[in-house]
>>> print(open('final02.pdb').read())   # PDB, C-alpha atoms
ATOM      1  CA  MET B  25     -80.364   5.205  55.980
ATOM      2  CA  THR B  26     -79.236   6.110  52.452
ATOM      3  CA  THR B  27     -81.839   7.232  49.985
ATOM      4  CA  THR B  28     -81.725   7.759  46.229
ATOM      5  CA  VAL B  29     -82.273  11.360  45.213
ATOM      6  CA  PRO B  30     -85.420  11.631  43.107
ATOM      7  CA  ALA B  31     -85.263  13.458  39.785
ATOM      8  CA  PRO B  32     -86.377  17.103  39.866
ATOM      9  CA  VAL B  33     -90.031  17.758  39.105
ATOM     10  CA  THR B  34     -90.596  18.573  35.418
ATOM     11  CA  GLY B  35     -93.287  20.220  33.393
ATOM     12  CA  THR B  36     -93.440  23.340  35.565
ATOM     13  CA  ALA B  37     -92.078  25.947  33.178
ATOM     14  CA  GLY B  38     -95.283  27.955  33.307
ATOM     15  CA  ARG B  39     -95.294  28.385  37.070
ATOM     16  CA  SER B  40     -94.160  31.652  38.596
ATOM     17  CA  ALA B  41     -95.295  31.415  42.238
ATOM     18  CA  LEU B  42     -93.265  30.311  45.226
ATOM     19  CA  GLU B  43     -93.960  26.584  45.638
ATOM     20  CA  ALA B  44     -91.975  25.654  48.751
ATOM     21  CA  VAL B  45     -89.543  27.001  51.318
ATOM     22  CA  PHE B  46     -86.488  25.054  52.484
ATOM     23  CA  LEU B  47     -84.758  26.035  55.703
ATOM     24  CA  ASP B  48     -81.331  25.058  56.974
ATOM     25  CA  MET B  49     -81.123  24.293  60.677
ATOM     26  CA  ASP B  50     -77.813  25.004  62.473
ATOM     27  CA  GLY B  51     -76.977  28.694  62.390
ATOM     28  CA  THR B  52     -80.121  29.516  60.397
ATOM     29  CA  LEU B  53     -83.059  28.566  62.609
ATOM     30  CA  VAL B  54     -81.171  27.635  65.777
ATOM     31  CA  ASP B  55     -78.092  29.300  67.233
ATOM     32  CA  THR B  56     -75.973  26.148  67.349
ATOM     33  CA  GLU B  57     -72.981  26.728  65.060
ATOM     34  CA  GLY B  58     -71.010  27.719  68.165
ATOM     35  CA  PHE B  59     -72.179  24.531  69.893
ATOM     36  CA  TRP B  60     -70.665  22.430  67.112
ATOM     37  CA  TRP B  61     -67.335  24.236  67.337
ATOM     38  CA  ASP B  62     -67.289  23.909  71.127
ATOM     39  CA  ALA B  63     -67.973  20.182  70.781
ATOM     40  CA  GLU B  64     -65.124  19.827  68.295
ATOM     41  CA  VAL B  65     -62.748  21.766  70.543
ATOM     42  CA  GLU B  66     -63.677  19.667  73.586
ATOM     43  CA  VAL B  67     -63.401  16.318  71.789
ATOM     44  CA  PHE B  68     -59.990  17.136  70.316
ATOM     45  CA  ALA B  69     -58.758  18.535  73.622
ATOM     46  CA  ALA B  70     -59.579  15.155  75.178
ATOM     47  CA  LEU B  71     -57.571  13.554  72.366
ATOM     48  CA  GLY B  72     -54.641  15.843  73.183
ATOM     49  CA  HIS B  73     -54.956  18.154  70.177
ATOM     50  CA  PRO B  74     -55.876  21.852  70.414
ATOM     51  CA  LEU B  75     -57.815  23.318  67.495
ATOM     52  CA  GLN B  76     -56.896  26.544  65.755
ATOM     53  CA  GLU B  77     -59.616  29.191  65.609
ATOM     54  CA  SER B  78     -58.906  29.692  61.902
ATOM     55  CA  TRP B  79     -60.170  26.156  61.225
ATOM     56  CA  ARG B  80     -63.646  27.133  62.357
ATOM     57  CA  ASP B  81     -64.469  28.758  59.012
ATOM     58  CA  VAL B  82     -63.344  25.572  57.230
ATOM     59  CA  VAL B  83     -65.648  23.186  59.092
ATOM     60  CA  VAL B  84     -68.715  25.401  59.545
ATOM     61  CA  GLY B  85     -71.780  24.222  57.664
ATOM     62  CA  GLY B  86     -70.055  21.203  56.212
ATOM     63  CA  PRO B  87     -71.083  17.563  56.350
ATOM     64  CA  MET B  88     -69.844  15.696  59.389
ATOM     65  CA  THR B  89     -67.525  13.433  57.397
ATOM     66  CA  ARG B  90     -65.811  16.369  55.691
ATOM     67  CA  SER B  91     -65.365  18.354  58.898
ATOM     68  CA  ALA B  92     -64.151  15.304  60.813
ATOM     69  CA  GLY B  93     -61.754  14.333  58.052
ATOM     70  CA  PHE B  94     -60.294  17.816  57.876
ATOM     71  CA  LEU B  95     -59.738  18.041  61.629
ATOM     72  CA  ILE B  96     -58.139  14.607  61.801
ATOM     73  CA  GLU B  97     -55.743  15.508  59.004
ATOM     74  CA  ALA B  98     -55.021  18.959  60.450
ATOM     75  CA  THR B  99     -54.259  17.681  63.951
ATOM     76  CA  GLY B 100     -52.852  14.244  63.199
ATOM     77  CA  ALA B 101     -55.195  12.727  65.784
ATOM     78  CA  ASP B 102     -55.160   8.935  65.964
ATOM     79  CA  ILE B 103     -58.867   8.357  65.351
ATOM     80  CA  THR B 104     -61.035   7.323  62.425
ATOM     81  CA  VAL B 105     -63.794   9.431  60.895
ATOM     82  CA  PRO B 106     -66.569   7.048  62.062
ATOM     83  CA  GLU B 107     -65.150   7.030  65.612
ATOM     84  CA  LEU B 108     -64.877  10.821  65.652
ATOM     85  CA  THR B 109     -68.380  11.242  64.255
ATOM     86  CA  VAL B 110     -69.827   9.309  67.182
ATOM     87  CA  LEU B 111     -67.864  11.392  69.708
ATOM     88  CA  LEU B 112     -68.904  14.693  68.114
ATOM     89  CA  ASN B 113     -72.577  13.755  67.887
ATOM     90  CA  ASP B 114     -72.532  12.573  71.505
ATOM     91  CA  ARG B 115     -70.900  15.782  72.734
ATOM     92  CA  PHE B 116     -73.198  17.991  70.660
ATOM     93  CA  GLU B 117     -76.317  16.112  71.747
ATOM     94  CA  ALA B 118     -75.294  16.566  75.382
ATOM     95  CA  ARG B 119     -75.033  20.321  74.766
ATOM     96  CA  ILE B 120     -78.513  20.601  73.255
ATOM     97  CA  SER B 121     -80.227  18.261  75.695
ATOM     98  CA  ARG B 122     -81.686  21.213  77.598
ATOM     99  CA  GLY B 123     -83.001  22.909  74.467
ATOM    100  CA  VAL B 124     -81.502  25.248  71.913
ATOM    101  CA  PRO B 125     -81.838  28.990  71.355
ATOM    102  CA  LEU B 126     -83.721  29.994  68.231
ATOM    103  CA  MET B 127     -82.240  32.619  65.935
ATOM    104  CA  PRO B 128     -83.982  36.011  66.040
ATOM    105  CA  GLY B 129     -86.954  35.899  63.706
ATOM    106  CA  ALA B 130     -87.066  32.093  63.424
ATOM    107  CA  ALA B 131     -90.236  31.502  65.435
ATOM    108  CA  ARG B 132     -92.036  34.327  63.652
ATOM    109  CA  LEU B 133     -91.045  33.049  60.187
ATOM    110  CA  LEU B 134     -92.034  29.461  60.961
ATOM    111  CA  GLY B 135     -95.363  30.636  62.308
ATOM    112  CA  GLU B 136     -96.054  32.737  59.220
ATOM    113  CA  LEU B 137     -95.212  29.894  56.825
ATOM    114  CA  ALA B 138     -97.496  27.553  58.757
ATOM    115  CA  GLU B 139    -100.304  30.109  58.903
ATOM    116  CA  HIS B 140    -100.264  30.453  55.114
ATOM    117  CA  SER B 141     -99.898  26.681  54.535
ATOM    118  CA  MET B 142     -96.638  27.162  52.652
ATOM    119  CA  PRO B 143     -94.963  23.768  52.107
ATOM    120  CA  THR B 144     -91.823  23.908  54.237
ATOM    121  CA  ALA B 145     -88.921  21.495  54.633
ATOM    122  CA  LEU B 146     -86.044  21.410  57.071
ATOM    123  CA  VAL B 147     -82.878  20.505  55.132
ATOM    124  CA  SER B 148     -79.784  19.952  57.257
ATOM    125  CA  ALA B 149     -76.345  18.369  57.012
ATOM    126  CA  SER B 150     -76.766  17.224  60.620
ATOM    127  CA  HIS B 151     -77.586  13.578  61.288
ATOM    128  CA  ARG B 152     -81.137  12.383  61.962
ATOM    129  CA  ARG B 153     -80.518  11.837  65.676
ATOM    130  CA  ILE B 154     -79.568  15.524  66.025
ATOM    131  CA  ILE B 155     -82.420  16.832  63.887
ATOM    132  CA  ASP B 156     -85.003  14.879  65.857
ATOM    133  CA  ARG B 157     -83.661  16.309  69.114
ATOM    134  CA  ILE B 158     -83.715  19.900  67.838
ATOM    135  CA  LEU B 159     -87.206  19.475  66.369
ATOM    136  CA  HIS B 160     -88.469  19.526  69.957
ATOM    137  CA  SER B 161     -87.492  23.211  69.986
ATOM    138  CA  LEU B 162     -88.522  24.030  66.406
ATOM    139  CA  GLY B 163     -91.796  22.100  66.373
ATOM    140  CA  THR B 164     -92.348  19.119  64.074
ATOM    141  CA  ARG B 165     -95.691  20.591  63.003
ATOM    142  CA  ASN B 166     -93.844  23.373  61.179
ATOM    143  CA  PHE B 167     -92.339  21.043  58.572
ATOM    144  CA  ALA B 168     -93.960  18.891  55.919
ATOM    145  CA  LEU B 169     -90.618  17.157  55.393
ATOM    146  CA  THR B 170     -87.214  16.962  57.079
ATOM    147  CA  VAL B 171     -84.003  15.842  55.355
ATOM    148  CA  ALA B 172     -80.930  14.768  57.339
ATOM    149  CA  GLY B 173     -77.352  14.640  56.144
ATOM    150  CA  ASP B 174     -77.078  10.903  56.759
ATOM    151  CA  GLU B 175     -80.207  10.154  54.717
ATOM    152  CA  VAL B 176     -78.969  11.206  51.275
ATOM    153  CA  GLY B 177     -76.150   9.722  49.220
ATOM    154  CA  ARG B 178     -74.346  13.070  49.084
ATOM    155  CA  THR B 179     -75.048  15.902  51.460
ATOM    156  CA  LYS B 180     -74.202  19.611  51.202
ATOM    157  CA  PRO B 181     -72.445  21.155  49.236
ATOM    158  CA  HIS B 182     -73.960  18.731  46.718
ATOM    159  CA  PRO B 183     -77.497  19.567  45.518
ATOM    160  CA  ASP B 184     -78.939  16.188  46.539
ATOM    161  CA  PRO B 185     -80.636  17.260  49.806
ATOM    162  CA  TYR B 186     -82.494  20.114  48.120
ATOM    163  CA  LEU B 187     -83.443  18.065  45.065
ATOM    164  CA  PHE B 188     -84.760  15.386  47.401
ATOM    165  CA  ALA B 189     -86.791  17.970  49.373
ATOM    166  CA  ALA B 190     -88.250  19.479  46.199
ATOM    167  CA  ALA B 191     -89.272  16.083  44.841
ATOM    168  CA  GLY B 192     -90.712  15.113  48.209
ATOM    169  CA  LEU B 193     -92.964  18.168  48.211
ATOM    170  CA  GLY B 194     -93.777  17.938  44.499
ATOM    171  CA  ALA B 195     -92.133  21.286  43.796
ATOM    172  CA  ASP B 196     -89.978  22.663  41.002
ATOM    173  CA  PRO B 197     -86.572  23.501  42.574
ATOM    174  CA  THR B 198     -86.418  26.756  40.603
ATOM    175  CA  ARG B 199     -89.660  27.830  42.318
ATOM    176  CA  CYS B 200     -88.317  27.086  45.788
ATOM    177  CA  ALA B 201     -86.676  29.534  48.188
ATOM    178  CA  VAL B 202     -83.868  28.400  50.470
ATOM    179  CA  VAL B 203     -82.596  30.118  53.607
ATOM    180  CA  GLU B 204     -78.991  29.220  54.497
ATOM    181  CA  ASP B 205     -76.240  30.612  56.708
ATOM    182  CA  THR B 206     -73.051  29.094  55.232
ATOM    183  CA  ALA B 207     -71.292  29.023  51.876
ATOM    184  CA  THR B 208     -71.563  25.229  51.876
ATOM    185  CA  GLY B 209     -75.332  25.326  52.183
ATOM    186  CA  VAL B 210     -75.658  28.131  49.660
ATOM    187  CA  ALA B 211     -73.626  26.107  47.151
ATOM    188  CA  ALA B 212     -75.929  23.104  47.622
ATOM    189  CA  ALA B 213     -79.091  25.150  47.150
ATOM    190  CA  GLU B 214     -77.800  26.971  44.109
ATOM    191  CA  ALA B 215     -76.588  23.740  42.515
ATOM    192  CA  ALA B 216     -80.151  22.446  42.892
ATOM    193  CA  GLY B 217     -81.468  25.515  41.058
ATOM    194  CA  CYS B 218     -83.173  27.089  44.078
ATOM    195  CA  ARG B 219     -83.321  30.794  44.900
ATOM    196  CA  VAL B 220     -81.289  31.578  47.982
ATOM    197  CA  VAL B 221     -81.450  33.945  50.908
ATOM    198  CA  ALA B 222     -78.137  33.890  52.767
ATOM    199  CA  VAL B 223     -78.059  34.949  56.410
ATOM    200  CA  PRO B 224     -74.341  34.543  57.279
ATOM    201  CA  SER B 225     -73.671  33.256  60.788
ATOM    202  CA  VAL B 226     -69.922  32.677  61.087
ATOM    203  CA  ALA B 227     -68.217  33.486  57.776
ATOM    204  CA  PRO B 228     -69.308  36.192  55.294
ATOM    205  CA  ILE B 229     -71.202  35.348  52.102
ATOM    206  CA  GLU B 230     -71.152  37.636  49.082
ATOM    207  CA  PRO B 231     -74.272  38.529  47.066
ATOM    208  CA  ALA B 232     -74.509  36.912  43.629
ATOM    209  CA  SER B 233     -76.954  36.254  40.821
ATOM    210  CA  GLY B 234     -79.960  34.363  42.186
ATOM    211  CA  ARG B 235     -78.858  35.058  45.759
ATOM    212  CA  VAL B 236     -79.780  37.740  48.289
ATOM    213  CA  VAL B 237     -77.735  38.337  51.436
ATOM    214  CA  VAL B 238     -79.375  39.798  54.547
ATOM    215  CA  ASP B 239     -78.105  40.521  58.038
ATOM    216  CA  SER B 240     -80.778  38.738  60.022
ATOM    217  CA  LEU B 241     -83.644  36.297  59.693
ATOM    218  CA  GLU B 242     -85.804  39.116  61.021
ATOM    219  CA  GLN B 243     -85.562  40.635  57.530
ATOM    220  CA  VAL B 244     -87.116  37.544  55.952
ATOM    221  CA  ASP B 245     -90.851  36.944  55.675
ATOM    222  CA  LEU B 246     -93.174  35.174  53.249
ATOM    223  CA  ALA B 247     -93.720  38.270  51.114
ATOM    224  CA  PHE B 248     -89.946  38.681  50.787
ATOM    225  CA  LEU B 249     -89.524  35.043  49.722
ATOM    226  CA  ARG B 250     -92.303  35.314  47.150
ATOM    227  CA  THR B 251     -90.703  38.421  45.699
ATOM    228  CA  LEU B 252     -87.407  36.564  45.439
ATOM    229  CA  ILE B 253     -88.974  34.054  43.060
ATOM    230  CA  THR B 254     -90.862  36.514  40.867
ATOM    231  CA  ARG B 255     -88.010  38.970  40.393
ATOM    232  CA  MET B 256     -85.563  36.217  39.418
ATOM    233  CA  ASN B 257     -87.758  35.054  36.512
TER     234      ASN B 257
END
>>> encode(input="final02.pdb", output="structure tokens")
Amino acid sequence: MTTTVPAPVTGTAGRSALEAVFLDMDGTLVDTEGFWWDAEVEVFAALGHPLQESWRDVVVGGPMTRSAGFLIEATGADITVPELTVLLNDRFEARISRGVPLMPGAARLLGELAEHSMPTALVSASHRRIIDRILHSLGTRNFALTVAGDEVGRTKPHPDPYLFAAAGLGADPTRCAVVEDTATGVAAAEAAGCRVVAVPSVAPIEPASGRVVVDSLEQVDLAFLRTLITRMN
């Protein structure tokens, strides 16, 4: 399904409080970035093409079409992007069928946000079929809204997913905090005007204006996210 990104909420210049929290999924809440790479390695091995470890930083956190397109071009594999997308999703779904490990601090953060009734959205570049499977581990009750990469016209690194989430929750994007683990996701959140906490999983992310970098999700709680909004104003 393709949806039109709603316009950002307006008329909120006087607000200073945190209005919503947006959380990435792979590598941020669940320890699955390695699962994706393993799936890519296995699928291309079956196609007769080994993958170089250096390509991992290129495809991490990106939309499926971009990652698939890059790997096809890099290897010269005789397969189309739609065909490869199906194979990768199938292989990844098989890997997570028995559940996925949560990142340290994820369960505690989700519980705290729910306890304080903080509007929370899951915003992922993964497809809906993958998100719905992983939600069994994360708990659907923890999210007021979930946004999948195949449900917006342009996914990360474009701002569309985060603008859509903000509009869906009736929030001003500049009063929303985003937790991401990749440069691609950080770029999307910042382009939407959100405040960002980066928790790098595979490749490093540098601190910047409007962005805080931490080592672990265990360093992130609701008080920290609220402070992020107030001190950036």
>>> residues_around(input="final02.pdb", residues="range 53-61 of chain B", least_positions_apart="5", cutoff="10 Å", atoms="all atoms listed in the file", output="PDB file with C-alpha atoms, keeping the file's coordinate frame")
ATOM      1  CA  LEU B  47     -84.758  26.035  55.703  1.00  0.00           C
ATOM      2  CA  ASP B  48     -81.331  25.058  56.974  1.00  0.00           C
ATOM      3  CA  GLU B  66     -63.677  19.667  73.586  1.00  0.00           C
ATOM      4  CA  VAL B  67     -63.401  16.318  71.789  1.00  0.00           C
ATOM      5  CA  LEU B  75     -57.815  23.318  67.495  1.00  0.00           C
ATOM      6  CA  GLU B  77     -59.616  29.191  65.609  1.00  0.00           C
ATOM      7  CA  TRP B  79     -60.170  26.156  61.225  1.00  0.00           C
ATOM      8  CA  ARG B  80     -63.646  27.133  62.357  1.00  0.00           C
ATOM      9  CA  ASP B  81     -64.469  28.758  59.012  1.00  0.00           C
ATOM     10  CA  VAL B  83     -65.648  23.186  59.092  1.00  0.00           C
ATOM     11  CA  VAL B  84     -68.715  25.401  59.545  1.00  0.00           C
ATOM     12  CA  GLY B  85     -71.780  24.222  57.664  1.00  0.00           C
ATOM     13  CA  LEU B 112     -68.904  14.693  68.114  1.00  0.00           C
ATOM     14  CA  ASN B 113     -72.577  13.755  67.887  1.00  0.00           C
ATOM     15  CA  ARG B 115     -70.900  15.782  72.734  1.00  0.00           C
ATOM     16  CA  PHE B 116     -73.198  17.991  70.660  1.00  0.00           C
ATOM     17  CA  GLU B 117     -76.317  16.112  71.747  1.00  0.00           C
ATOM     18  CA  ARG B 119     -75.033  20.321  74.766  1.00  0.00           C
ATOM     19  CA  ILE B 120     -78.513  20.601  73.255  1.00  0.00           C
ATOM     20  CA  VAL B 124     -81.502  25.248  71.913  1.00  0.00           C
ATOM     21  CA  PRO B 125     -81.838  28.990  71.355  1.00  0.00           C
ATOM     22  CA  LEU B 126     -83.721  29.994  68.231  1.00  0.00           C
ATOM     23  CA  MET B 127     -82.240  32.619  65.935  1.00  0.00           C
ATOM     24  CA  PRO B 128     -83.982  36.011  66.040  1.00  0.00           C
ATOM     25  CA  GLY B 129     -86.954  35.899  63.706  1.00  0.00           C
ATOM     26  CA  ALA B 130     -87.066  32.093  63.424  1.00  0.00           C
ATOM     27  CA  ALA B 131     -90.236  31.502  65.435  1.00  0.00           C
ATOM     28  CA  LEU B 133     -91.045  33.049  60.187  1.00  0.00           C
ATOM     29  CA  LEU B 134     -92.034  29.461  60.961  1.00  0.00           C
ATOM     30  CA  LEU B 146     -86.044  21.410  57.071  1.00  0.00           C
ATOM     31  CA  ILE B 158     -83.715  19.900  67.838  1.00  0.00           C
ATOM     32  CA  SER B 161     -87.492  23.211  69.986  1.00  0.00           C
ATOM     33  CA  LEU B 162     -88.522  24.030  66.406  1.00  0.00           C
ATOM     34  CA  VAL B 203     -82.596  30.118  53.607  1.00  0.00           C
ATOM     35  CA  GLU B 204     -78.991  29.220  54.497  1.00  0.00           C
ATOM     36  CA  ASP B 205     -76.240  30.612  56.708  1.00  0.00           C
ATOM     37  CA  SER B 225     -73.671  33.256  60.788  1.00  0.00           C
ATOM     38  CA  VAL B 226     -69.922  32.677  61.087  1.00  0.00           C
ATOM     39  CA  LEU B 241     -83.644  36.297  59.693  1.00  0.00           C
TER      40      LEU B 241
END
>>> atom_distance(input="final02.pdb", atom1="CA of Thr104 in chain B", atom2="CA of Pro183 in chain B")
26.6 Å
>>> closest_residue(input="final02.pdb", among="B:Ala118, B:Ala207, B:Ala227, B:Leu137", to="Arg157 in chain B", atoms="all atoms listed in the file")
B:Ala118
>>> residues_around(input="final02.pdb", residues="range 246-253 of chain B", least_positions_apart="3", cutoff="10 Å", atoms="all atoms listed in the file", output="PyMOL selection string")
chain B and resi 40-45+133-134+136-137+140+142+198-203+218-221+234-236+243+256-257
>>> write_last_selection(input="final02.pdb", atoms="C-alpha atoms", output="PDB file, in the coordinates of the input")
ATOM      1  CA  SER B  40     -94.160  31.652  38.596  1.00  0.00           C
ATOM      2  CA  ALA B  41     -95.295  31.415  42.238  1.00  0.00           C
ATOM      3  CA  LEU B  42     -93.265  30.311  45.226  1.00  0.00           C
ATOM      4  CA  GLU B  43     -93.960  26.584  45.638  1.00  0.00           C
ATOM      5  CA  ALA B  44     -91.975  25.654  48.751  1.00  0.00           C
ATOM      6  CA  VAL B  45     -89.543  27.001  51.318  1.00  0.00           C
ATOM      7  CA  LEU B 133     -91.045  33.049  60.187  1.00  0.00           C
ATOM      8  CA  LEU B 134     -92.034  29.461  60.961  1.00  0.00           C
ATOM      9  CA  GLU B 136     -96.054  32.737  59.220  1.00  0.00           C
ATOM     10  CA  LEU B 137     -95.212  29.894  56.825  1.00  0.00           C
ATOM     11  CA  HIS B 140    -100.264  30.453  55.114  1.00  0.00           C
ATOM     12  CA  MET B 142     -96.638  27.162  52.652  1.00  0.00           C
ATOM     13  CA  THR B 198     -86.418  26.756  40.603  1.00  0.00           C
ATOM     14  CA  ARG B 199     -89.660  27.830  42.318  1.00  0.00           C
ATOM     15  CA  CYS B 200     -88.317  27.086  45.788  1.00  0.00           C
ATOM     16  CA  ALA B 201     -86.676  29.534  48.188  1.00  0.00           C
ATOM     17  CA  VAL B 202     -83.868  28.400  50.470  1.00  0.00           C
ATOM     18  CA  VAL B 203     -82.596  30.118  53.607  1.00  0.00           C
ATOM     19  CA  CYS B 218     -83.173  27.089  44.078  1.00  0.00           C
ATOM     20  CA  ARG B 219     -83.321  30.794  44.900  1.00  0.00           C
ATOM     21  CA  VAL B 220     -81.289  31.578  47.982  1.00  0.00           C
ATOM     22  CA  VAL B 221     -81.450  33.945  50.908  1.00  0.00           C
ATOM     23  CA  GLY B 234     -79.960  34.363  42.186  1.00  0.00           C
ATOM     24  CA  ARG B 235     -78.858  35.058  45.759  1.00  0.00           C
ATOM     25  CA  VAL B 236     -79.780  37.740  48.289  1.00  0.00           C
ATOM     26  CA  GLN B 243     -85.562  40.635  57.530  1.00  0.00           C
ATOM     27  CA  MET B 256     -85.563  36.217  39.418  1.00  0.00           C
ATOM     28  CA  ASN B 257     -87.758  35.054  36.512  1.00  0.00           C
TER      29      ASN B 257
END
>>> closest_residue(input="final02.pdb", among="B:Arg90, B:Pro231, B:Thr206, B:Asp239", to="Arg178 in chain B", atoms="only C-alpha atoms")
B:Arg90
>>> closest_residue(input="final02.pdb", among="B:Ser150, B:Ser121, B:Glu214, B:Met88", to="Pro106 in chain B", atoms="only C-alpha atoms")
B:Met88
>>> residues_around(input="final02.pdb", residues="Ala101 in chain B", least_positions_apart="6", cutoff="8 Å", atoms="only C-alpha atoms", output="list in words")
Phe68, Leu71 and His73 of chain B
>>> write_last_selection(input="final02.pdb", atoms="C-alpha atoms", output="compact mmCIF listing (two decimals), in the frame of the given file")
# COMPACT_ATOMS: atom_id res chain seq x y z
CA PHE B 68 -59.99 17.14 70.32
CA LEU B 71 -57.57 13.55 72.37
CA HIS B 73 -54.96 18.15 70.18
>>> closest_residue(input="final02.pdb", among="B:Ala215, B:Ala145, B:Val210, B:Gly93", to="Thr164 in chain B", atoms="all atoms listed in the file")
B:Ala145
>>> atom_distance(input="final02.pdb", atom1="CA of Arg152 in chain B", atom2="CA of Met49 in chain B")
12.0 Å
>>> resolve_selection(input="final02.pdb", expression="the PyMOL selection byres ((chain B and resi 151) around 9)", output="list of chain:residue names")
B:Met88, B:Asn113, B:Ser148, B:Ala149, B:Ser150, B:Arg152, B:Arg153, B:Ile154, B:Ile155, B:Asp156, B:Ala172, B:Gly173, B:Asp174, B:Glu175
>>> closest_residue(input="final02.pdb", among="B:Asp184, B:Asp114, B:Glu242, B:Glu107", to="Val171 in chain B", atoms="all atoms listed in the file")
B:Asp184
>>> closest_residue(input="final02.pdb", among="B:Ser233, B:Ser78, B:Ser91, B:Thr52", to="Glu64 in chain B", atoms="only C-alpha atoms")
B:Ser91
>>> atom_distance(input="final02.pdb", atom1="CA of Ala138 in chain B", atom2="CA of Val176 in chain B")
25.8 Å
>>> axis_aligned_box(input="final02.pdb", around="range 69-83 of chain B", padding_each_side="3 Å", output="AutoDock Vina command-line options")
--center_x -60.1 --center_y 21.6 --center_z 66.2 --size_x 17.0 --size_y 22.1 --size_z 23.9
>>> build_atoms(input="final02.pdb", residues="range 185-198 of chain B", atoms="N, CA, C and O atoms", output="PDB file, in the coordinates of the input")
ATOM      1  N   PRO B 185     -79.609  17.049  48.775  1.00  0.00           N
ATOM      2  CA  PRO B 185     -80.636  17.260  49.806  1.00  0.00           C
ATOM      3  C   PRO B 185     -81.774  18.160  49.337  1.00  0.00           C
ATOM      4  O   PRO B 185     -82.950  17.895  49.659  1.00  0.00           O
ATOM      5  N   TYR B 186     -81.451  19.189  48.565  1.00  0.00           N
ATOM      6  CA  TYR B 186     -82.494  20.114  48.120  1.00  0.00           C
ATOM      7  C   TYR B 186     -83.306  19.535  46.966  1.00  0.00           C
ATOM      8  O   TYR B 186     -84.519  19.777  46.865  1.00  0.00           O
ATOM      9  N   LEU B 187     -82.685  18.746  46.107  1.00  0.00           N
ATOM     10  CA  LEU B 187     -83.443  18.065  45.065  1.00  0.00           C
ATOM     11  C   LEU B 187     -84.398  17.042  45.683  1.00  0.00           C
ATOM     12  O   LEU B 187     -85.536  16.888  45.236  1.00  0.00           O
ATOM     13  N   PHE B 188     -83.924  16.364  46.708  1.00  0.00           N
ATOM     14  CA  PHE B 188     -84.760  15.386  47.401  1.00  0.00           C
ATOM     15  C   PHE B 188     -85.953  16.081  48.062  1.00  0.00           C
ATOM     16  O   PHE B 188     -87.090  15.590  47.997  1.00  0.00           O
ATOM     17  N   ALA B 189     -85.709  17.232  48.712  1.00  0.00           N
ATOM     18  CA  ALA B 189     -86.791  17.970  49.373  1.00  0.00           C
ATOM     19  C   ALA B 189     -87.816  18.460  48.358  1.00  0.00           C
ATOM     20  O   ALA B 189     -89.026  18.364  48.581  1.00  0.00           O
ATOM     21  N   ALA B 190     -87.336  18.977  47.225  1.00  0.00           N
ATOM     22  CA  ALA B 190     -88.250  19.479  46.199  1.00  0.00           C
ATOM     23  C   ALA B 190     -89.119  18.355  45.652  1.00  0.00           C
ATOM     24  O   ALA B 190     -90.346  18.501  45.513  1.00  0.00           O
ATOM     25  N   ALA B 191     -88.507  17.217  45.350  1.00  0.00           N
ATOM     26  CA  ALA B 191     -89.272  16.083  44.841  1.00  0.00           C
ATOM     27  C   ALA B 191     -90.262  15.579  45.885  1.00  0.00           C
ATOM     28  O   ALA B 191     -91.392  15.206  45.563  1.00  0.00           O
ATOM     29  N   GLY B 192     -89.842  15.581  47.145  1.00  0.00           N
ATOM     30  CA  GLY B 192     -90.712  15.113  48.209  1.00  0.00           C
ATOM     31  C   GLY B 192     -91.945  15.963  48.395  1.00  0.00           C
ATOM     32  O   GLY B 192     -93.008  15.472  48.801  1.00  0.00           O
ATOM     33  N   LEU B 193     -91.824  17.260  48.082  1.00  0.00           N
ATOM     34  CA  LEU B 193     -92.964  18.168  48.211  1.00  0.00           C
ATOM     35  C   LEU B 193     -93.641  18.427  46.864  1.00  0.00           C
ATOM     36  O   LEU B 193     -94.563  19.248  46.787  1.00  0.00           O
ATOM     37  N   GLY B 194     -93.174  17.754  45.812  1.00  0.00           N
ATOM     38  CA  GLY B 194     -93.777  17.938  44.499  1.00  0.00           C
ATOM     39  C   GLY B 194     -93.561  19.324  43.933  1.00  0.00           C
ATOM     40  O   GLY B 194     -94.433  19.869  43.243  1.00  0.00           O
ATOM     41  N   ALA B 195     -92.410  19.911  44.208  1.00  0.00           N
ATOM     42  CA  ALA B 195     -92.133  21.286  43.796  1.00  0.00           C
ATOM     43  C   ALA B 195     -91.015  21.340  42.763  1.00  0.00           C
ATOM     44  O   ALA B 195     -90.140  20.476  42.721  1.00  0.00           O
ATOM     45  N   ASP B 196     -91.049  22.372  41.944  1.00  0.00           N
ATOM     46  CA  ASP B 196     -89.978  22.663  41.002  1.00  0.00           C
ATOM     47  C   ASP B 196     -88.865  23.370  41.782  1.00  0.00           C
ATOM     48  O   ASP B 196     -89.123  24.416  42.386  1.00  0.00           O
ATOM     49  N   PRO B 197     -87.643  22.852  41.792  1.00  0.00           N
ATOM     50  CA  PRO B 197     -86.572  23.501  42.574  1.00  0.00           C
ATOM     51  C   PRO B 197     -86.377  24.972  42.233  1.00  0.00           C
ATOM     52  O   PRO B 197     -86.044  25.772  43.119  1.00  0.00           O
ATOM     53  N   THR B 198     -86.612  25.358  40.982  1.00  0.00           N
ATOM     54  CA  THR B 198     -86.418  26.756  40.603  1.00  0.00           C
ATOM     55  C   THR B 198     -87.514  27.656  41.146  1.00  0.00           C
ATOM     56  O   THR B 198     -87.403  28.884  41.057  1.00  0.00           O
TER      57      THR B 198
END
